[in-house]
$ cat protein12.csv   # CSV, C-alpha atoms and all ligand atoms
chain,number,residue,atom,x,y,z
A,1,MET,CA,0.0,0.0,0.0
A,2,LYS,CA,1.4,3.4,-0.9
A,3,CYS,CA,0.2,6.9,0.0
A,4,LEU,CA,-0.5,9.2,-3.0
A,5,ASP,CA,0.2,12.3,-0.9
A,6,CYS,CA,3.4,11.6,1.1
A,7,GLY,CA,4.7,8.3,-0.4
A,8,TYR,CA,4.5,6.3,2.8
A,9,GLU,CA,4.6,2.6,2.0
A,10,THR,CA,3.4,-0.4,4.0
A,11,ASP,CA,2.7,-4.1,3.5
A,12,ILE,CA,-0.9,-5.1,2.7
A,13,ASN,CA,-2.9,-4.5,5.9
A,14,GLN,CA,-6.7,-4.6,5.8
A,15,LYS,CA,-6.9,-2.5,9.0
A,16,ILE,CA,-5.4,0.5,7.2
A,17,ILE,CA,-7.8,2.7,5.3
A,18,THR,CA,-6.0,6.1,5.1
A,19,CYS,CA,-2.3,6.9,5.3
A,20,PRO,CA,-1.2,6.4,8.9
A,21,ARG,CA,1.4,9.2,8.4
A,22,CYS,CA,-0.5,12.0,6.7
A,23,GLY,CA,-4.1,10.9,6.4
A,24,GLY,CA,-3.9,10.8,2.6
A,25,LEU,CA,-5.3,8.4,0.0
A,26,LEU,CA,-3.7,5.0,-0.2
A,27,GLU,CA,-3.2,3.0,-3.4
A,28,ILE,CA,-3.2,-0.8,-3.1
A,29,LYS,CA,-0.6,-2.2,-5.5
A,30,VAL,CA,-1.5,-5.6,-6.9
A,31,LYS,CA,0.8,-7.7,-9.0
A,32,LEU,CA,-1.1,-10.7,-10.6
A,33,LYS,CA,0.8,-13.9,-10.6
A,34,GLY,CA,0.0,-16.6,-13.2
A,35,PHE,CA,-3.4,-15.0,-13.7
A,36,SER,CA,-5.6,-16.4,-16.5
A,37,PHE,CA,-9.3,-16.0,-17.1
A,38,SER,CA,-9.6,-19.7,-18.0
A,39,ASN,CA,-8.6,-20.8,-14.4
A,40,LEU,CA,-11.3,-18.8,-12.7
A,41,LYS,CA,-14.3,-20.3,-10.9
A,42,GLY,CA,-17.7,-18.9,-9.8
A,43,ARG,CA,-19.4,-15.7,-11.0
A,44,GLY,CA,-19.4,-12.1,-10.0
A,45,VAL,CA,-16.9,-10.1,-7.9
A,46,TRP,CA,-15.4,-13.1,-6.1
A,47,ARG,CA,-14.6,-14.9,-9.3
A,48,TYR,CA,-11.6,-12.5,-9.3
A,49,LYS,CA,-10.5,-13.1,-5.7
A,50,ASP,CA,-6.9,-13.9,-6.8
A,51,ALA,CA,-6.7,-10.2,-7.8
A,52,ILE,CA,-8.2,-9.0,-4.5
A,53,PRO,CA,-5.6,-8.8,-1.7
A,54,GLY,CA,-6.4,-9.4,1.9
A,55,ASN,CA,-7.9,-12.1,4.1
A,56,TYR,CA,-11.5,-13.1,3.5
A,57,SER,CA,-12.1,-16.2,5.6
A,58,LYS,CA,-15.6,-14.8,5.9
A,59,ILE,CA,-17.1,-13.3,2.7
A,60,VAL,CA,-20.2,-11.0,3.0
A,61,SER,CA,-21.8,-11.4,-0.4
A,62,ILE,CA,-25.3,-11.0,-2.1
A,63,ASN,CA,-24.0,-12.3,-5.5
A,64,GLU,CA,-22.9,-8.9,-6.8
A,65,GLY,CA,-21.3,-8.3,-10.1
A,66,ASN,CA,-21.6,-10.5,-13.2
A,67,THR,CA,-23.7,-7.7,-14.8
A,68,PRO,CA,-24.8,-7.7,-18.4
A,69,LEU,CA,-22.6,-6.1,-21.1
A,70,ILE,CA,-25.3,-5.1,-23.6
A,71,PRO,CA,-24.5,-4.3,-27.2
A,72,SER,CA,-25.9,-0.9,-28.4
A,73,ARG,CA,-28.7,-1.0,-31.0
A,74,ILE,CA,-27.7,2.4,-32.3
A,75,TYR,CA,-23.9,2.5,-32.2
A,76,LYS,CA,-22.0,-0.5,-33.5
A,77,GLN,CA,-19.1,-1.7,-31.3
A,78,THR,CA,-20.6,0.2,-28.4
A,79,PHE,CA,-21.5,-1.7,-25.2
A,80,TYR,CA,-23.4,-0.8,-22.0
A,81,LYS,CA,-22.2,-2.3,-18.8
A,82,PHE,CA,-25.4,-2.3,-16.9
A,83,GLU,CA,-24.5,-2.0,-13.2
A,84,GLY,CA,-28.2,-1.4,-12.4
A,85,ALA,CA,-28.4,-5.2,-12.4
A,86,ASN,CA,-26.5,-5.5,-9.1
A,87,PRO,CA,-28.4,-6.6,-5.9
A,88,THR,CA,-29.2,-3.1,-4.7
A,89,GLY,CA,-29.2,-1.6,-8.2
A,90,SER,CA,-25.8,0.1,-8.5
A,91,PHE,CA,-22.1,-0.7,-8.9
A,92,LYS,CA,-21.6,0.2,-5.2
A,93,ASP,CA,-22.4,-3.4,-4.3
A,94,ARG,CA,-19.1,-4.5,-5.9
A,95,GLY,CA,-17.1,-2.3,-3.5
A,96,MET,CA,-19.4,-3.0,-0.5
A,97,THR,CA,-18.9,-6.8,-0.6
A,98,VAL,CA,-15.1,-6.3,-0.3
A,99,ALA,CA,-15.1,-3.4,2.2
A,100,VAL,CA,-17.8,-5.0,4.5
A,101,SER,CA,-15.9,-8.4,4.3
A,102,SER,CA,-12.8,-6.5,5.3
A,103,ALA,CA,-14.6,-4.9,8.2
A,104,VAL,CA,-15.8,-8.3,9.4
A,105,ASN,CA,-12.5,-10.0,9.1
A,106,THR,CA,-10.7,-7.2,11.0
A,107,GLY,CA,-13.3,-7.2,13.8
A,108,TYR,CA,-15.3,-4.0,13.3
A,109,LYS,CA,-18.9,-4.0,14.6
A,110,VAL,CA,-20.0,-0.5,13.5
A,111,VAL,CA,-19.9,0.9,10.0
A,112,ALA,CA,-20.8,4.3,8.5
A,113,ALA,CA,-21.1,6.1,5.2
A,114,ALA,CA,-21.9,9.5,3.8
A,115,SER,CA,-24.0,9.1,0.7
A,116,THR,CA,-25.9,10.8,-2.1
A,117,GLY,CA,-28.0,7.6,-2.0
A,118,ASN,CA,-26.5,4.6,-3.7
A,119,THR,CA,-23.7,4.0,-1.2
A,120,ALA,CA,-26.3,4.2,1.5
A,121,ALA,CA,-28.6,1.6,0.0
A,122,SER,CA,-25.7,-0.7,-0.7
A,123,ALA,CA,-23.9,-0.2,2.6
A,124,ALA,CA,-27.2,-0.8,4.5
A,125,ALA,CA,-27.8,-4.1,2.6
A,126,TYR,CA,-24.3,-5.4,3.3
A,127,ALA,CA,-24.4,-4.3,6.9
A,128,SER,CA,-27.6,-6.3,7.3
A,129,ARG,CA,-26.1,-9.3,5.6
A,130,ALA,CA,-23.1,-9.1,8.0
A,131,GLY,CA,-25.0,-8.3,11.1
A,132,LEU,CA,-23.3,-5.0,11.7
A,133,ARG,CA,-24.7,-1.7,13.0
A,134,ILE,CA,-24.8,1.0,10.4
A,135,TYR,CA,-25.0,4.8,10.4
A,136,LEU,CA,-25.7,6.7,7.2
A,137,VAL,CA,-25.1,10.4,6.9
A,138,LEU,CA,-27.3,11.9,4.1
A,139,PRO,CA,-27.9,15.4,2.8
A,140,LYS,CA,-31.5,16.1,3.9
A,141,GLY,CA,-34.0,16.4,1.0
A,142,LYS,CA,-31.3,15.6,-1.6
A,143,VAL,CA,-31.5,11.8,-1.9
A,144,ALA,CA,-33.5,10.2,-4.7
A,145,LEU,CA,-36.6,8.5,-3.4
A,146,GLY,CA,-35.7,4.9,-4.3
A,147,LYS,CA,-32.4,5.1,-2.6
A,148,LEU,CA,-33.9,6.6,0.6
A,149,ALA,CA,-36.6,4.0,0.6
A,150,GLN,CA,-33.9,1.2,0.3
A,151,SER,CA,-31.9,2.6,3.2
A,152,ILE,CA,-35.1,2.6,5.3
A,153,LEU,CA,-36.0,-1.0,4.1
A,154,TYR,CA,-32.6,-2.4,5.2
A,155,GLY,CA,-33.0,-0.8,8.6
A,156,ALA,CA,-30.1,1.6,8.7
A,157,THR,CA,-30.0,4.5,11.2
A,158,ILE,CA,-30.2,7.6,9.0
A,159,LEU,CA,-28.5,10.8,10.2
A,160,GLU,CA,-29.5,13.8,8.1
A,161,VAL,CA,-27.5,17.0,7.6
A,162,ASN,CA,-28.7,20.3,6.2
A,163,GLY,CA,-26.3,20.9,3.3
A,164,SER,CA,-24.6,19.0,0.5
A,165,PHE,CA,-23.0,15.6,0.3
A,166,ASP,CA,-19.7,17.2,1.0
A,167,ILE,CA,-20.9,18.2,4.5
A,168,ALA,CA,-22.1,14.6,5.1
A,169,MET,CA,-18.7,13.3,4.1
A,170,ALA,CA,-17.0,15.6,6.5
A,171,SER,CA,-19.2,14.3,9.3
A,172,VAL,CA,-18.2,10.7,8.5
A,173,MET,CA,-14.6,11.7,8.5
A,174,ARG,CA,-15.2,13.1,12.0
A,175,LEU,CA,-16.6,9.7,13.2
A,176,TYR,CA,-13.8,7.8,11.6
A,177,LYS,CA,-10.6,9.9,11.8
A,178,ASP,CA,-11.2,12.2,14.9
A,179,LEU,CA,-13.1,9.7,17.0
A,180,GLY,CA,-12.1,6.3,15.6
A,181,ILE,CA,-15.5,4.8,16.3
A,182,VAL,CA,-16.6,3.5,12.9
A,183,TYR,CA,-15.4,1.6,9.9
A,184,PRO,CA,-15.9,4.0,6.9
A,185,LEU,CA,-17.6,2.6,3.8
A,186,ASN,CA,-17.0,5.6,1.5
A,187,SER,CA,-14.8,5.3,-1.5
A,188,PHE,CA,-11.7,6.9,0.1
A,189,ASN,CA,-11.6,3.4,1.6
A,190,PRO,CA,-9.3,1.7,-0.9
A,191,TRP,CA,-10.8,-1.8,-0.2
A,192,ARG,CA,-14.0,-0.7,-1.8
A,193,LEU,CA,-12.2,0.1,-5.0
A,194,GLU,CA,-10.7,-3.4,-5.0
A,195,GLY,CA,-14.2,-4.7,-5.5
A,196,GLN,CA,-15.2,-2.0,-8.1
A,197,LYS,CA,-12.2,-2.8,-10.3
A,198,THR,CA,-13.9,-6.1,-11.2
A,199,ILE,CA,-16.0,-4.1,-13.7
A,200,ALA,CA,-12.8,-4.0,-15.8
A,201,TYR,CA,-12.1,-7.7,-15.2
A,202,GLU,CA,-15.6,-8.7,-16.4
A,203,ILE,CA,-15.4,-6.5,-19.5
A,204,ALA,CA,-11.9,-7.8,-20.4
A,205,GLU,CA,-13.0,-11.4,-19.9
A,206,GLU,CA,-16.0,-10.9,-22.1
A,207,ILE,CA,-14.7,-8.7,-25.0
A,208,GLY,CA,-11.0,-8.0,-24.4
A,209,GLU,CA,-9.8,-4.5,-23.9
A,210,PRO,CA,-12.1,-1.6,-25.2
A,211,ASP,CA,-10.6,1.5,-26.8
A,212,ASN,CA,-12.5,3.9,-24.6
A,213,VAL,CA,-14.4,3.5,-21.3
A,214,ILE,CA,-16.9,6.2,-20.5
A,215,VAL,CA,-17.7,6.6,-16.8
A,216,PRO,CA,-19.9,9.1,-14.9
A,217,VAL,CA,-17.8,10.7,-12.2
A,218,GLY,CA,-18.9,11.9,-8.7
A,219,ASN,CA,-16.6,11.2,-5.8
A,220,ALA,CA,-14.3,9.9,-8.5
A,221,GLY,CA,-13.4,6.5,-7.1
A,222,ASN,CA,-15.0,4.3,-9.8
A,223,ILE,CA,-13.1,5.7,-12.8
A,224,TYR,CA,-9.9,5.0,-10.9
A,225,ALA,CA,-11.0,1.5,-9.8
A,226,ILE,CA,-11.9,0.6,-13.4
A,227,TRP,CA,-8.6,2.0,-14.7
A,228,LYS,CA,-6.7,0.1,-12.0
A,229,GLY,CA,-8.4,-3.2,-13.1
A,230,PHE,CA,-7.4,-2.7,-16.7
A,231,THR,CA,-3.9,-1.7,-15.6
A,232,GLU,CA,-3.4,-4.8,-13.5
A,233,LEU,CA,-4.5,-7.0,-16.4
A,234,GLN,CA,-2.2,-5.1,-18.9
A,235,GLU,CA,0.8,-5.5,-16.5
A,236,ALA,CA,0.1,-9.2,-16.2
A,237,GLY,CA,0.0,-9.5,-20.0
A,238,VAL,CA,-3.6,-10.6,-20.0
A,239,ILE,CA,-4.7,-7.6,-22.2
A,240,SER,CA,-2.4,-5.6,-24.6
A,241,LYS,CA,-3.4,-2.1,-23.8
A,242,ILE,CA,-5.2,0.1,-21.2
A,243,PRO,CA,-8.4,1.8,-22.6
A,244,ARG,CA,-8.7,5.6,-22.5
A,245,MET,CA,-10.7,6.6,-19.4
A,246,ILE,CA,-13.3,9.3,-20.3
A,247,GLY,CA,-14.9,10.8,-17.2
A,248,ILE,CA,-18.3,12.5,-17.4
A,249,GLN,CA,-19.6,15.1,-14.9
A,250,ALA,CA,-22.6,17.3,-14.8
A,251,GLU,CA,-22.0,21.0,-15.6
A,252,GLY,CA,-23.1,22.1,-12.1
A,253,ALA,CA,-20.7,19.7,-10.4
A,254,ALA,CA,-17.7,19.4,-12.6
A,255,PRO,CA,-14.5,20.0,-10.7
A,256,ILE,CA,-12.6,17.1,-12.4
A,257,ALA,CA,-13.8,18.0,-15.9
A,258,LYS,CA,-12.8,21.6,-15.4
A,259,ALA,CA,-9.3,20.7,-14.0
A,260,ILE,CA,-8.7,18.4,-17.0
A,261,GLU,CA,-9.9,21.1,-19.4
A,262,LYS,CA,-7.8,23.8,-17.9
A,263,GLY,CA,-4.7,21.5,-17.3
A,264,LEU,CA,-4.7,22.2,-13.6
A,265,ASN,CA,-2.8,19.9,-11.1
A,266,GLU,CA,-5.5,20.4,-8.5
A,267,PRO,CA,-9.3,20.9,-9.1
A,268,GLU,CA,-11.1,24.0,-8.0
A,269,PHE,CA,-14.0,22.6,-5.9
A,270,PHE,CA,-17.7,23.5,-6.5
A,271,GLU,CA,-19.1,25.0,-3.3
A,272,ASN,CA,-22.8,24.5,-4.2
A,273,PRO,CA,-22.9,21.6,-6.6
A,274,GLU,CA,-26.3,21.3,-8.5
A,275,THR,CA,-27.6,18.8,-11.0
A,276,ILE,CA,-30.6,16.6,-11.6
A,277,ALA,CA,-28.1,13.6,-11.5
A,278,THR,CA,-28.0,13.4,-7.7
A,279,ALA,CA,-25.5,10.5,-7.6
A,280,ILE,CA,-22.9,12.8,-9.1
A,281,ARG,CA,-23.9,16.0,-7.3
A,282,ILE,CA,-20.5,16.3,-5.6
A,283,GLY,CA,-18.4,19.5,-5.5
A,284,LYS,CA,-15.4,18.1,-3.6
A,285,PRO,CA,-14.6,14.6,-5.0
A,286,VAL,CA,-12.6,12.8,-2.3
A,287,ASN,CA,-10.8,10.7,-4.9
A,288,TRP,CA,-9.9,13.5,-7.2
A,289,LYS,CA,-6.2,12.7,-7.2
A,290,LYS,CA,-6.8,9.1,-8.2
A,291,ALA,CA,-9.2,10.1,-10.9
A,292,ILE,CA,-6.8,12.6,-12.5
A,293,LYS,CA,-4.1,10.0,-12.4
A,294,ALA,CA,-6.3,7.4,-14.2
A,295,ILE,CA,-7.5,9.9,-16.8
A,296,ARG,CA,-4.0,11.4,-17.5
A,297,SER,CA,-2.1,8.1,-17.6
A,298,SER,CA,-4.6,6.5,-19.9
A,299,LYS,CA,-4.6,9.5,-22.2
A,300,GLY,CA,-8.2,9.9,-21.6
A,301,THR,CA,-10.2,13.1,-20.7
A,302,ALA,CA,-13.1,14.4,-18.8
A,303,LEU,CA,-16.2,16.3,-20.1
A,304,SER,CA,-19.2,17.9,-18.6
A,305,VAL,CA,-22.8,17.7,-19.8
A,306,SER,CA,-25.9,19.8,-19.0
A,307,ASP,CA,-28.9,18.5,-17.2
A,308,GLN,CA,-31.0,18.8,-20.4
A,309,GLU,CA,-28.4,16.6,-22.1
A,310,ILE,CA,-28.6,14.1,-19.3
A,311,ILE,CA,-32.4,14.0,-19.4
A,312,ASP,CA,-32.4,13.5,-23.2
A,313,ALA,CA,-29.8,10.7,-22.8
A,314,GLN,CA,-31.9,9.0,-20.1
A,315,LYS,CA,-34.8,9.0,-22.5
A,316,LYS,CA,-32.8,7.8,-25.5
A,317,LEU,CA,-31.4,4.9,-23.5
A,318,ALA,CA,-34.8,3.9,-22.4
A,319,ARG,CA,-36.7,4.6,-25.6
A,320,GLU,CA,-34.1,3.5,-28.2
A,321,GLU,CA,-32.1,0.9,-26.4
A,322,GLY,CA,-34.6,-0.4,-23.9
A,323,ILE,CA,-32.3,0.2,-20.9
A,324,GLY,CA,-33.5,2.0,-17.8
A,325,ALA,CA,-30.7,3.9,-16.1
A,326,GLU,CA,-30.8,6.7,-13.5
A,327,PRO,CA,-29.8,10.2,-14.6
A,328,ALA,CA,-26.2,10.0,-13.3
A,329,SER,CA,-25.7,6.9,-15.5
A,330,ALA,CA,-27.3,8.5,-18.5
A,331,ALA,CA,-24.6,11.2,-18.2
A,332,ALA,CA,-22.3,8.5,-19.7
A,333,LEU,CA,-24.3,8.5,-22.9
A,334,ALA,CA,-24.7,12.3,-23.0
A,335,GLY,CA,-20.9,12.5,-22.6
A,336,TYR,CA,-20.2,9.8,-25.1
A,337,GLU,CA,-22.3,11.7,-27.8
A,338,LYS,CA,-20.4,14.9,-26.9
A,339,ALA,CA,-17.1,13.1,-27.2
A,340,ILE,CA,-18.1,11.7,-30.6
A,341,ASN,CA,-19.2,15.2,-31.8
A,342,GLU,CA,-16.0,16.8,-30.6
A,343,GLY,CA,-13.8,14.1,-32.2
A,344,ILE,CA,-12.5,12.9,-28.9
A,345,VAL,CA,-13.7,9.3,-29.4
A,346,ASP,CA,-14.5,7.4,-32.6
A,347,LYS,CA,-17.9,5.7,-32.5
A,348,ASP,CA,-16.6,2.8,-34.6
A,349,GLN,CA,-14.0,1.9,-32.0
A,350,LYS,CA,-14.8,-0.6,-29.3
A,351,ASN,CA,-16.3,1.6,-26.6
A,352,VAL,CA,-17.9,0.7,-23.2
A,353,LEU,CA,-20.3,3.0,-21.3
A,354,ILE,CA,-20.7,2.3,-17.6
A,355,LEU,CA,-24.4,2.6,-16.6
A,356,THR,CA,-23.8,2.9,-12.9
A,357,GLY,CA,-27.3,2.6,-11.5
A,358,HIS,CA,-30.9,1.5,-12.2
A,359,ALA,CA,-33.7,3.9,-13.4
A,360,LEU,CA,-36.0,2.8,-10.5
A,361,LYS,CA,-33.6,4.5,-8.1
A,362,ASP,CA,-35.1,7.9,-9.0
A,363,PRO,CA,-38.8,7.6,-9.8
A,364,ASP,CA,-39.2,11.4,-9.6
A,365,ALA,CA,-36.8,11.9,-12.5
A,366,MET,CA,-38.8,9.4,-14.6
A,367,LEU,CA,-42.1,11.0,-13.7
A,368,ARG,CA,-40.9,14.4,-15.0
A,369,LEU,CA,-40.3,13.0,-18.5
A,370,ASP,CA,-42.8,13.6,-21.2
A,371,ALA,CA,-45.4,10.9,-21.2
A,372,ARG,CA,-48.2,9.7,-23.5
A,373,ARG,CA,-51.0,9.1,-21.0
A,374,ILE,CA,-54.5,9.4,-22.3
A,375,LEU,CA,-57.7,8.8,-20.4
A,376,ILE,CA,-60.0,6.7,-22.6
A,377,ASN,CA,-63.5,5.3,-22.7
A,378,PRO,CA,-62.7,1.6,-22.8
A,379,GLU,CA,-65.6,1.0,-25.1
A,380,HIS,CA,-64.1,3.3,-27.7
A,381,ILE,CA,-60.4,2.3,-27.3
A,382,GLU,CA,-60.2,1.6,-31.0
A,383,ASN,CA,-60.9,5.3,-31.8
A,384,ILE,CA,-57.5,6.4,-30.6
A,385,VAL,CA,-55.5,3.4,-31.8
A,386,LEU,CA,-57.1,3.0,-35.2
A,387,GLY,CA,-56.9,6.8,-35.7
A,388,GLU,CA,-53.2,6.8,-35.0
A,389,ILE,CA,-52.4,3.7,-37.1
A,390,ASN,CA,-54.3,5.2,-40.1
A,391,ASP,CA,-52.6,8.6,-39.6
A,392,ASN,CA,-49.2,6.9,-39.8
A,393,ASN,CA,-50.0,5.0,-43.0
A,401,LIG,C1,-21.7,6.5,-6.9
A,401,LIG,C2,-22.3,6.7,-8.3
A,401,LIG,C3,-21.6,7.4,-9.3
A,401,LIG,C4,-20.3,8.1,-9.1
A,401,LIG,O1,-19.2,7.2,-8.8
A,401,LIG,P1,-17.9,7.8,-8.1
A,401,LIG,O2,-17.1,6.6,-7.8
A,401,LIG,O3,-18.3,8.5,-6.8
A,401,LIG,O4,-17.3,8.7,-9.1
A,401,LIG,C5,-22.2,7.5,-10.5
A,401,LIG,N1,-23.4,7.0,-10.8
A,401,LIG,C6,-24.1,6.3,-9.8
A,401,LIG,C7,-25.4,5.8,-10.2
A,401,LIG,C8,-23.6,6.2,-8.5
A,401,LIG,O5,-24.3,5.5,-7.6
A,402,ZN,ZN,0.7,9.9,3.5
$ encode --input "protein12.csv" --output "structure tokens" --more "lines below"
Ligand SMILES: *Cc1c(COP(=O)(O)O)cnc(C)c1O
Ligand SMILES: [Zn+2]
Amino acid sequence: MKCLDCGYETDINQKIITCPRCGGLLEIKVKLKGFSFSNLKGRGVWRYKDAIPGNYSKIVSINEGNTPLIPSRIYKQTFYKFEGANPTGSFKDRGMTVAVSSAVNTGYKVVAAASTGNTAASAAAYASRAGLRIYLVLPKGKVALGKLAQSILYGATILEVNGSFDIAMASVMRLYKDLGIVYPLNSFNPWRLEGQKTIAYEIAEEIGEPDNVIVPVGNAGNIYAIWKGFTELQEAGVISKIPRMIGIQAEGAAPIAKAIEKGLNEPEFFENPETIATAIRIGKPVNWKKAIKAIRSSKGTALSVSDQEIIDAQKKLAREEGIGAEPASAAALAGYEKAINEGIVDKDQKNVLILTGHALKDPDAMLRLDARRILINPEHIENIVLGEINDNN
């Protein structure tokens, strides 16, 4: 394990989450030995356990991962990795199975997470599965309905703060760093990213290495985790190159995209992040350093898209591809189309869009879309349908 801030190095130790010397972000270095897809057993995240360091005598799993890679109907060579098919409906489950298993194997009894919603739903499910007590810190009134409902269903204690996700995050830091009373399940916990990197392993096993991987970016852990997975496979000679990582943010919460655009070494944070895509409404991404490393070293980039572009992309995914994804996930398609138009990616290359969460997470966003709902007299149903069929002919 190595600190990205001060360079501190230590042997693999599951009890360590942030740098013991400076509190910075840790990277977990993995060197695969004799790794081959043909030797693997099982399905989902733990199929790749040879690539996940640490002791997992007890694994807390709800059969996460093994999500469908769906070919696009409208872009040839383009695939959607549909993470909405995970047990709680987002990719967060991949990280949670590893982080909660780590918590259990190192003896923790209380876990906590700040969340825009999906981390909360996932952490609550895995804490239940493990029999741990869980505290969720949520920005009051800013969590999508489906995610809040899930957190309630799984029985978590919900602590609400007035303010944004970034304030919720600071509160969890206080419980973890200052007081040392909880095991943190946010993505500054590098063990979570060890689970999330299996997105790359699954893609590579199914179709080899893509040219571009397009990822919505909020706290910025996932784009790094996916890049890390591809990097490990490339270093082991399993794939021949690392795809370009293309991060997509919403215009109202785009510190990483702005930093890449302006060539800054450090992002300028957004004090009041705003976007319809609540899962990426984050002004101060805790993993910014990791994300910028993944983007720059893969020769990728980051772009921002407007809320209107996100809404249009959510509709297009549903109405032209048959895939229901939440707004933050649809940002990947909005950004992909922008990248094609700007000549940043070639639509005829092999491209994968990460659809991070399920449409059902945010029913309010769906209900605001234009709908064809017509009150009819059932005895005259043919009037409308026959009329329309004839008009179209
Ligand atoms: C968490 C989440 C993201 C952002 O992932 P980060 O690792 O925080 O960048 C994007 N979309 C959805 C649906 C999420 O739940
Ligand atoms: Zn350090």
$ closest_atom_pairs --input "protein12.csv" --of "chain A" --to "ligand ZN 402 (chain A)" --cutoff "7 Å" --atoms "all atoms listed in the file" --output "CSV"
residue,atom,partner,partner_atom,distance
A:Cys3,CA,A:ZN402,ZN,4.6
A:Leu4,CA,A:ZN402,ZN,6.6
A:Asp5,CA,A:ZN402,ZN,5.0
A:Cys6,CA,A:ZN402,ZN,4.0
A:Gly7,CA,A:ZN402,ZN,5.8
A:Tyr8,CA,A:ZN402,ZN,5.3
A:Cys19,CA,A:ZN402,ZN,4.6
A:Pro20,CA,A:ZN402,ZN,6.7
A:Arg21,CA,A:ZN402,ZN,5.0
A:Cys22,CA,A:ZN402,ZN,4.0
A:Gly23,CA,A:ZN402,ZN,5.7
A:Gly24,CA,A:ZN402,ZN,4.8
$ closest_atom_pairs --input "protein12.csv" --of "segment 118-223 of chain A" --to "segment 230-233 of chain A" --cutoff "12 Å" --atoms "only C-alpha atoms" --output "Markdown table"
| residue | atom | partner | partner_atom | distance |
| --- | --- | --- | --- | --- |
| A:Glu194 | CA | A:Glu232 | CA | 11.3 |
| A:Gln196 | CA | A:Phe230 | CA | 11.6 |
| A:Lys197 | CA | A:Phe230 | CA | 8.0 |
| A:Thr198 | CA | A:Phe230 | CA | 9.2 |
| A:Ile199 | CA | A:Phe230 | CA | 9.2 |
| A:Ala200 | CA | A:Phe230 | CA | 5.6 |
| A:Tyr201 | CA | A:Phe230 | CA | 7.0 |
| A:Glu202 | CA | A:Phe230 | CA | 10.2 |
| A:Ile203 | CA | A:Phe230 | CA | 9.3 |
| A:Ala204 | CA | A:Phe230 | CA | 7.7 |
| A:Glu205 | CA | A:Leu233 | CA | 10.2 |
| A:Gly208 | CA | A:Phe230 | CA | 10.0 |
| A:Glu209 | CA | A:Phe230 | CA | 7.8 |
| A:Pro210 | CA | A:Phe230 | CA | 9.8 |
| A:Asp211 | CA | A:Phe230 | CA | 11.4 |
| A:Asn212 | CA | A:Phe230 | CA | 11.5 |
| A:Val213 | CA | A:Phe230 | CA | 10.4 |
| A:Ile223 | CA | A:Phe230 | CA | 10.9 |
$ residues_near_ligand --input "protein12.csv" --ligand "ligand LIG 401 (chain A)" --cutoff "9 Å" --atoms "all atoms listed in the file" --output "ChimeraX atom specification"
/A:83-84,89-92,115-119,186-187,193,196,215-225,247,249,277-282,285-287,291,325-331,354-358,361
$ closest_residue --input "protein12.csv" --among "A:Ser57, A:Asn105, A:Ser151, A:Ser38" --to "Glu206 of chain A" --atoms "only C-alpha atoms"
A:Ser38
$ atom_distance --input "protein12.csv" --atom1 "atom CA of Asp362 of chain A" --atom2 "atom CA of Thr78 of chain A"
25.4 Å
$ residues_around --input "protein12.csv" --residues "segment 312-320 of chain A" --least-positions-apart "4" --cutoff "10 Å" --atoms "all atoms listed in the file" --output "PyMOL selection string"
chain A and resi 72-74+80+306-308+324-337+359+365-366+369-370
$ write_last_selection --input "protein12.csv" --atoms "C-alpha atoms" --output "short mmCIF file (atom, residue, chain, number, x, y, z; two decimals), in the coordinates of the input"
data_model
loop_
_atom_site.label_atom_id
_atom_site.label_comp_id
_atom_site.auth_asym_id
_atom_site.auth_seq_id
_atom_site.Cartn_x
_atom_site.Cartn_y
_atom_site.Cartn_z
CA SER A 72 -25.90 -0.90 -28.40
CA ARG A 73 -28.70 -1.00 -31.00
CA ILE A 74 -27.70 2.40 -32.30
CA TYR A 80 -23.40 -0.80 -22.00
CA SER A 306 -25.90 19.80 -19.00
CA ASP A 307 -28.90 18.50 -17.20
CA GLN A 308 -31.00 18.80 -20.40
CA GLY A 324 -33.50 2.00 -17.80
CA ALA A 325 -30.70 3.90 -16.10
CA GLU A 326 -30.80 6.70 -13.50
CA PRO A 327 -29.80 10.20 -14.60
CA ALA A 328 -26.20 10.00 -13.30
CA SER A 329 -25.70 6.90 -15.50
CA ALA A 330 -27.30 8.50 -18.50
CA ALA A 331 -24.60 11.20 -18.20
CA ALA A 332 -22.30 8.50 -19.70
CA LEU A 333 -24.30 8.50 -22.90
CA ALA A 334 -24.70 12.30 -23.00
CA GLY A 335 -20.90 12.50 -22.60
CA TYR A 336 -20.20 9.80 -25.10
CA GLU A 337 -22.30 11.70 -27.80
CA ALA A 359 -33.70 3.90 -13.40
CA ALA A 365 -36.80 11.90 -12.50
CA MET A 366 -38.80 9.40 -14.60
CA LEU A 369 -40.30 13.00 -18.50
CA ASP A 370 -42.80 13.60 -21.20
#
$ residues_around --input "protein12.csv" --residues "segment 9-18 of chain A" --least-positions-apart "5" --cutoff "8 Å" --atoms "all atoms listed in the file" --output "list in words"
Met1, Lys2, Cys3, Gly23, Gly24, Leu25, Leu26, Ile28, Pro53, Gly54, Asn55, Ser102, Thr106, Phe188, Asn189, Pro190 and Trp191 of chain A
$ atom_distance --input "protein12.csv" --atom1 "atom CA of Tyr183 of chain A" --atom2 "atom CA of Val161 of chain A"
19.7 Å
$ residues_around --input "protein12.csv" --residues "Arg47 of chain A" --least-positions-apart "5" --cutoff "10 Å" --atoms "all atoms listed in the file" --output "list in words"
Phe37, Asn39, Leu40, Lys41, Gly42, Ile52, Gly65, Asn66, Thr198, Tyr201 and Glu202 of chain A
$ atom_distance --input "protein12.csv" --atom1 "atom CA of Val110 of chain A" --atom2 "atom CA of Leu360 of chain A"
29.0 Å
$ residues_around --input "protein12.csv" --residues "Arg174 of chain A" --least-positions-apart "3" --cutoff "12 Å" --atoms "only C-alpha atoms" --output "PyMOL selection string"
chain A and resi 112-114+137+167-171+177-184
